[in-house]
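Pasted below: my_file19.txt, compact mmCIF, C-alpha atoms.
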```
# COMPACT_ATOMS: atom_id res chain seq x y z
CA MET A 1 15.42 -5.45 26.84
CA GLU A 2 15.99 -1.76 26.13
CA HIS A 3 15.38 -2.38 22.42
CA MET A 4 12.20 -4.33 23.19
CA GLU A 5 10.93 -1.54 25.44
CA GLU A 6 11.66 0.99 22.71
CA LEU A 7 9.86 -1.14 20.12
CA ARG A 8 6.91 -1.57 22.47
CA SER A 9 6.71 2.19 22.97
CA ARG A 10 6.75 2.84 19.22
CA ILE A 11 4.02 0.25 18.59
CA ILE A 12 1.81 1.71 21.32
CA LYS A 13 2.16 5.22 19.89
CA THR A 14 1.25 3.92 16.43
CA LEU A 15 -1.81 2.12 17.80
CA ILE A 16 -2.92 5.25 19.63
CA GLY A 17 -2.64 7.17 16.37
CA PHE A 18 -4.65 4.49 14.58
CA VAL A 19 -7.41 4.61 17.21
CA ALA A 20 -7.56 8.41 17.00
CA ALA A 21 -7.74 8.27 13.19
CA PHE A 22 -10.42 5.56 13.42
CA ILE A 23 -12.58 7.71 15.70
CA VAL A 24 -12.31 10.69 13.37
CA SER A 25 -13.00 8.51 10.31
CA PHE A 26 -16.03 6.95 11.97
CA ILE A 27 -17.45 10.41 12.72
CA PHE A 28 -17.30 11.26 9.02
CA VAL A 29 -17.94 7.73 7.74
CA GLN A 30 -21.30 8.57 6.19
CA ASP A 31 -19.71 11.33 4.11
CA ILE A 32 -16.99 8.89 2.97
CA TYR A 33 -19.69 6.33 2.17
CA GLU A 34 -21.58 8.82 -0.01
CA VAL A 35 -18.40 9.59 -1.97
CA LEU A 36 -17.68 5.89 -2.59
CA ILE A 37 -21.17 5.12 -3.94
CA LYS A 38 -21.78 8.38 -5.84
CA ASP A 39 -21.46 6.63 -9.23
CA MET A 40 -23.90 3.85 -8.40
CA ASP A 41 -27.47 3.74 -9.65
CA GLY A 42 -29.73 3.25 -6.65
CA LYS A 43 -28.81 2.25 -3.14
CA LEU A 44 -27.00 -0.76 -1.75
CA ALA A 45 -29.01 -3.36 0.13
CA VAL A 46 -28.33 -4.63 3.64
CA LEU A 47 -29.46 -7.95 5.10
CA GLY A 48 -29.55 -6.80 8.70
CA PRO A 49 -28.65 -3.96 11.08
CA SER A 50 -25.24 -5.50 11.79
CA ASP A 51 -24.27 -5.16 8.12
CA ILE A 52 -24.55 -1.38 8.38
CA LEU A 53 -22.18 -1.27 11.34
CA TRP A 54 -19.77 -3.69 9.66
CA VAL A 55 -19.61 -1.58 6.47
CA TYR A 56 -19.06 1.64 8.40
CA MET A 57 -16.33 0.08 10.53
CA MET A 58 -14.59 -1.36 7.46
CA ILE A 59 -14.59 2.02 5.69
CA ALA A 60 -13.32 3.75 8.83
CA ALA A 61 -10.60 1.11 9.30
CA VAL A 62 -9.23 1.51 5.77
CA SER A 63 -9.27 5.30 6.10
CA SER A 64 -7.45 4.99 9.42
CA ILE A 65 -4.78 2.73 7.94
CA ALA A 66 -4.07 5.31 5.25
CA ALA A 67 -3.93 8.13 7.81
CA THR A 68 -1.68 6.17 10.17
CA ILE A 69 0.99 5.26 7.59
CA PRO A 70 3.06 8.46 8.09
CA LEU A 71 2.97 8.00 11.87
CA ALA A 72 3.91 4.31 11.65
CA ALA A 73 6.76 5.13 9.25
CA TYR A 74 8.00 7.89 11.57
CA GLN A 75 7.94 5.57 14.60
CA LEU A 76 9.84 2.93 12.62
CA TRP A 77 12.38 5.55 11.58
CA ARG A 78 12.81 6.67 15.20
CA PHE A 79 13.40 3.05 16.19
CA VAL A 80 16.16 2.43 13.62
CA ALA A 81 17.60 5.96 13.62
CA PRO A 82 20.19 5.32 16.39
CA ALA A 83 21.80 2.66 14.16
CA LEU A 84 22.07 5.03 11.19
CA LYS A 85 24.70 7.59 10.33
CA PRO A 86 23.63 11.28 10.42
CA GLU A 87 23.46 11.44 6.62
CA GLU A 88 21.46 8.21 6.47
CA ARG A 89 19.00 9.61 9.01
CA LYS A 90 18.34 12.65 6.85
CA VAL A 91 17.90 10.60 3.69
CA THR A 92 15.63 7.95 5.20
CA PHE A 93 13.52 10.61 6.95
CA ARG A 94 12.60 11.98 3.52
CA PHE A 95 11.03 8.63 2.63
CA ILE A 96 8.21 9.04 5.18
CA PRO A 97 5.91 11.42 3.18
CA TRP A 98 6.38 9.29 0.06
CA LEU A 99 5.07 6.21 1.87
CA PHE A 100 1.75 7.97 2.30
CA ILE A 101 1.75 9.41 -1.23
CA LEU A 102 2.48 6.03 -2.86
CA PHE A 103 -0.13 4.27 -0.72
CA ILE A 104 -2.79 6.78 -1.77
CA THR A 105 -1.62 6.48 -5.39
CA GLY A 106 -2.02 2.70 -5.27
CA ILE A 107 -5.46 2.96 -3.69
CA SER A 108 -6.49 5.53 -6.31
CA PHE A 109 -5.27 3.31 -9.16
CA GLY A 110 -7.25 0.38 -7.80
CA TYR A 111 -10.40 2.44 -7.20
CA PHE A 112 -10.51 4.69 -10.27
CA VAL A 113 -8.92 2.42 -12.89
CA LEU A 114 -9.19 -1.25 -11.99
CA PHE A 115 -12.35 -1.44 -9.87
CA PRO A 116 -14.75 0.04 -12.49
CA ILE A 117 -13.35 -2.24 -15.21
CA VAL A 118 -13.57 -5.40 -13.10
CA LEU A 119 -17.00 -4.55 -11.73
CA GLY A 120 -18.28 -3.70 -15.21
CA PHE A 121 -16.96 -6.99 -16.58
CA LEU A 122 -18.58 -9.05 -13.82
CA THR A 123 -21.94 -7.32 -14.12
CA SER A 124 -21.88 -7.76 -17.91
CA LEU A 125 -21.78 -11.53 -17.40
CA SER A 126 -25.25 -11.37 -15.86
CA ALA A 127 -26.83 -9.29 -18.63
CA GLY A 128 -30.25 -10.74 -19.44
CA GLN A 129 -29.70 -13.73 -17.15
CA PHE A 130 -29.76 -12.51 -13.56
CA GLU A 131 -31.17 -9.66 -11.55
CA ILE A 132 -28.28 -7.95 -9.83
CA VAL A 133 -28.73 -6.84 -6.23
CA PHE A 134 -25.63 -5.48 -4.50
CA THR A 135 -25.48 -5.75 -0.74
CA ALA A 136 -23.36 -3.15 1.02
CA GLU A 137 -21.30 -5.82 2.78
CA LYS A 138 -20.47 -7.75 -0.42
CA TYR A 139 -19.86 -4.58 -2.44
CA PHE A 140 -17.39 -3.00 -0.04
CA ARG A 141 -15.68 -6.28 0.78
CA PHE A 142 -15.08 -6.81 -2.95
CA MET A 143 -13.88 -3.21 -3.38
CA ILE A 144 -11.45 -3.27 -0.47
CA ASN A 145 -10.07 -6.71 -1.32
CA LEU A 146 -9.35 -5.43 -4.82
CA ILE A 147 -7.88 -1.98 -4.15
CA LEU A 148 -6.15 -2.34 -0.76
CA PRO A 149 -3.33 -4.62 -2.06
CA PHE A 150 -2.37 -1.90 -4.54
CA GLY A 151 -1.81 0.55 -1.73
CA VAL A 152 0.76 -1.89 -0.33
CA LEU A 153 2.28 -2.95 -3.67
CA PHE A 154 2.83 0.65 -4.77
CA GLU A 155 5.19 1.03 -1.80
CA MET A 156 7.61 -1.38 -3.51
CA PRO A 157 9.95 1.19 -5.12
CA LEU A 158 10.33 3.16 -1.91
CA VAL A 159 10.91 0.08 0.24
CA VAL A 160 13.56 -1.14 -2.22
CA MET A 161 15.28 2.26 -2.12
CA PHE A 162 15.23 2.24 1.67
CA LEU A 163 16.69 -1.26 1.93
CA THR A 164 19.33 -0.45 -0.68
CA ARG A 165 20.25 2.70 1.20
CA LEU A 166 20.80 0.61 4.33
CA GLY A 167 22.87 -1.94 2.40
CA ILE A 168 20.43 -4.81 2.98
CA ILE A 169 19.83 -5.42 -0.74
CA ASN A 170 21.40 -4.24 -3.98
CA PRO A 171 20.40 -4.10 -7.67
CA THR A 172 22.40 -7.24 -8.46
CA VAL A 173 20.20 -9.27 -6.12
CA LEU A 174 17.06 -7.78 -7.63
CA LYS A 175 18.21 -8.57 -11.18
CA LYS A 176 19.11 -12.16 -10.29
CA SER A 177 15.72 -12.70 -8.64
CA ARG A 178 13.79 -11.07 -11.50
CA LYS A 179 12.23 -14.33 -12.75
CA ILE A 180 11.09 -15.38 -9.29
CA SER A 181 9.77 -11.88 -8.59
CA TYR A 182 7.89 -11.80 -11.90
CA PHE A 183 6.33 -15.15 -11.13
CA ALA A 184 5.28 -14.00 -7.65
CA LEU A 185 3.76 -10.79 -9.02
CA VAL A 186 1.85 -12.71 -11.69
CA ILE A 187 0.45 -15.05 -9.02
CA ILE A 188 -0.57 -12.05 -6.90
CA SER A 189 -2.28 -10.48 -9.93
CA ILE A 190 -4.24 -13.64 -10.69
CA VAL A 191 -5.29 -14.08 -7.06
CA ILE A 192 -6.63 -10.55 -6.52
CA THR A 193 -8.47 -10.25 -9.84
CA PRO A 194 -11.42 -12.11 -11.41
CA PRO A 195 -10.60 -15.01 -13.76
CA ASP A 196 -10.41 -13.06 -17.01
CA ILE A 197 -7.37 -12.16 -19.07
CA LEU A 198 -8.21 -8.43 -19.31
CA SER A 199 -8.21 -7.90 -15.54
CA ASP A 200 -5.04 -9.94 -15.16
CA ILE A 201 -3.21 -7.84 -17.77
CA LEU A 202 -4.41 -4.58 -16.22
CA VAL A 203 -2.86 -5.64 -12.91
CA ILE A 204 0.25 -7.51 -14.11
CA ILE A 205 1.61 -4.70 -16.29
CA PRO A 206 1.65 -2.01 -13.54
CA LEU A 207 3.19 -4.45 -11.05
CA LEU A 208 5.98 -5.45 -13.43
CA MET A 209 6.60 -1.78 -14.19
CA LEU A 210 6.83 -1.09 -10.46
CA TYR A 211 9.39 -3.87 -10.08
CA GLU A 212 11.54 -2.55 -12.92
CA MET A 213 11.26 0.94 -11.48
CA SER A 214 12.40 -0.47 -8.15
CA VAL A 215 15.44 -2.07 -9.81
CA GLN A 216 16.42 1.21 -11.47
CA LEU A 217 15.96 3.21 -8.27
CA SER A 218 17.96 0.62 -6.35
CA ASN A 219 20.74 0.89 -8.94
CA LEU A 220 20.75 4.69 -8.58
CA VAL A 221 20.86 4.58 -4.78
CA TYR A 222 23.53 1.87 -4.82
CA ARG A 223 25.82 3.87 -7.11
CA LYS A 224 25.53 6.94 -4.91
CA ARG A 225 26.27 4.82 -1.87
CA LEU A 226 29.41 3.39 -3.49
CA MET A 227 30.54 6.88 -4.50
CA ARG A 228 30.14 8.16 -0.93
CA GLU A 229 32.02 5.16 0.48
CA GLY A 230 34.77 5.61 -2.09
CA ALA A 231 35.09 9.31 -1.27
CA ALA A 232 35.25 8.50 2.44
CA LEU A 233 38.03 5.94 1.88
CA SER A 234 40.05 8.36 -0.25
CA VAL A 235 39.86 10.94 2.53
CA ILE A 236 41.10 8.38 5.04
```
Here is the file; what I need is its structure written in the form of structure tokens.
Amino acid sequence: MEHMEELRSRIIKTLIGFVAAFIVSFIFVQDIYEVLIKDMDGKLAVLGPSDILWVYMMIAAVSSIAATIPLAAYQLWRFVAPALKPEERKVTFRFIPWLFILFITGISFGYFVLFPIVLGFLTSLSAGQFEIVFTAEKYFRFMINLILPFGVLFEMPLVVMFLTRLGIINPTVLKKSRKISYFALVIISIVITPPDILSDILVIIPLLMLYEMSVQLSNLVYRKRLMREGAALSVI
């Protein structure tokens, strides 16, 4: 019950942080909106007043998720810290800023690299055949569905390092499950991209590189962990 109360407290603090970030994001949501559509020719259409509110809330929610990641990671660290050794606490605490940095990196990759290519490809299909009218709701739903998964997937190397540091996984397990992991990443790539080979390749290659980077980082962390354990045993 004490652990459940502690977990409940950490979740509540994270939710309070999310609500605070949401309020701040919503205050500046029009400025964020202008930045996101600055490269578009013309304005986005809306089909009703509720679409405007929905778009603003969606933009504010994604901004709040990004802003809340460090707080959520810190609360998670505080929850598991009592079970860690002093050295492990210091090492895992350093992971918290990188969670935010990697999430922003993934979002940036999706927005600046993948999104323009995919959007350009889809609009080129209608050249001379259809009149394109983008609604704000459809445009931002498509954008967020495309770029938000990359914010999560780019956390893979850090999560693997963290789990390896705690002894939950090791590089041997990652190497043995390479085929299954590759297959899963390919399926994810196909699901979140339009049905064309160019978009699939643009997504698959970075994800496979992230996995291999995760394996190498796990191997590095695992070796250091074995060296520390060996040194501790020799002292004993």
Contact residues around Arg94 of chain A with all atoms listed in the file at 12 Å, ignoring same-chain residues under 5 positions, as an NGL selection string
:A and (70 or 73-74 or 77 or 87-89 or 99-100 or 158 or 161-162)
For Ile168 of chain A: contacts at 12 Å, only C-alpha atoms, fewer than 5 positions along chain excluded, given as a list of chain:residue names
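The neighbour list is A:Val159, A:Val160, A:Met161, A:Phe162, A:Leu163, A:Val173, A:Leu174, A:Ser218, A:Tyr222.
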Smallest atom-to-atom distance to Glu137 of chain A: which of A:Ser189, A:Thr172, A:Met57, A:Ile69, using all atoms listed in the file?
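So, comparing all the options, the nearest one is A:Met57.
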To one decimal place, how far is atom CA of Gly17 of chain A from atom CA of Thr68 of chain A in Å?
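Distance between the two atoms: 6.4 Å.
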What are the centre and edge lengths in Å, to one decimal, of the axis-aligned box around all listed atoms of segment 111-128 of chain A with 5 Å added on each side, as lines of an AutoDock Vina configuration file?
```
center_x = -19.6
center_y = -3.4
center_z = -13.3
size_x = 31.3
size_y = 26.2
size_z = 22.2
```
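Within 8 Å of segment 46-49 of chain A there are Leu44, Asp51, Ile52, Leu53, Thr135, Ala136 and Glu137 of chain A, counting only C-alpha atoms and ignoring same-chain residues fewer than 2 positions away.
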May I ask for the distance between atom CA of Gly167 of chain A and atom CA of Pro149 of chain A, given in Å to one decimal place?
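Distance reported for this atom pair: 26.7 Å.
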Would you mind reading off the distance between atom CA of Ile65 of chain A and atom CA of Ser9 of chain A, one decimal, in Å?
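Atom-to-atom, atom CA of Ile65 of chain A and atom CA of Ser9 of chain A are spaced 18.9 Å apart.
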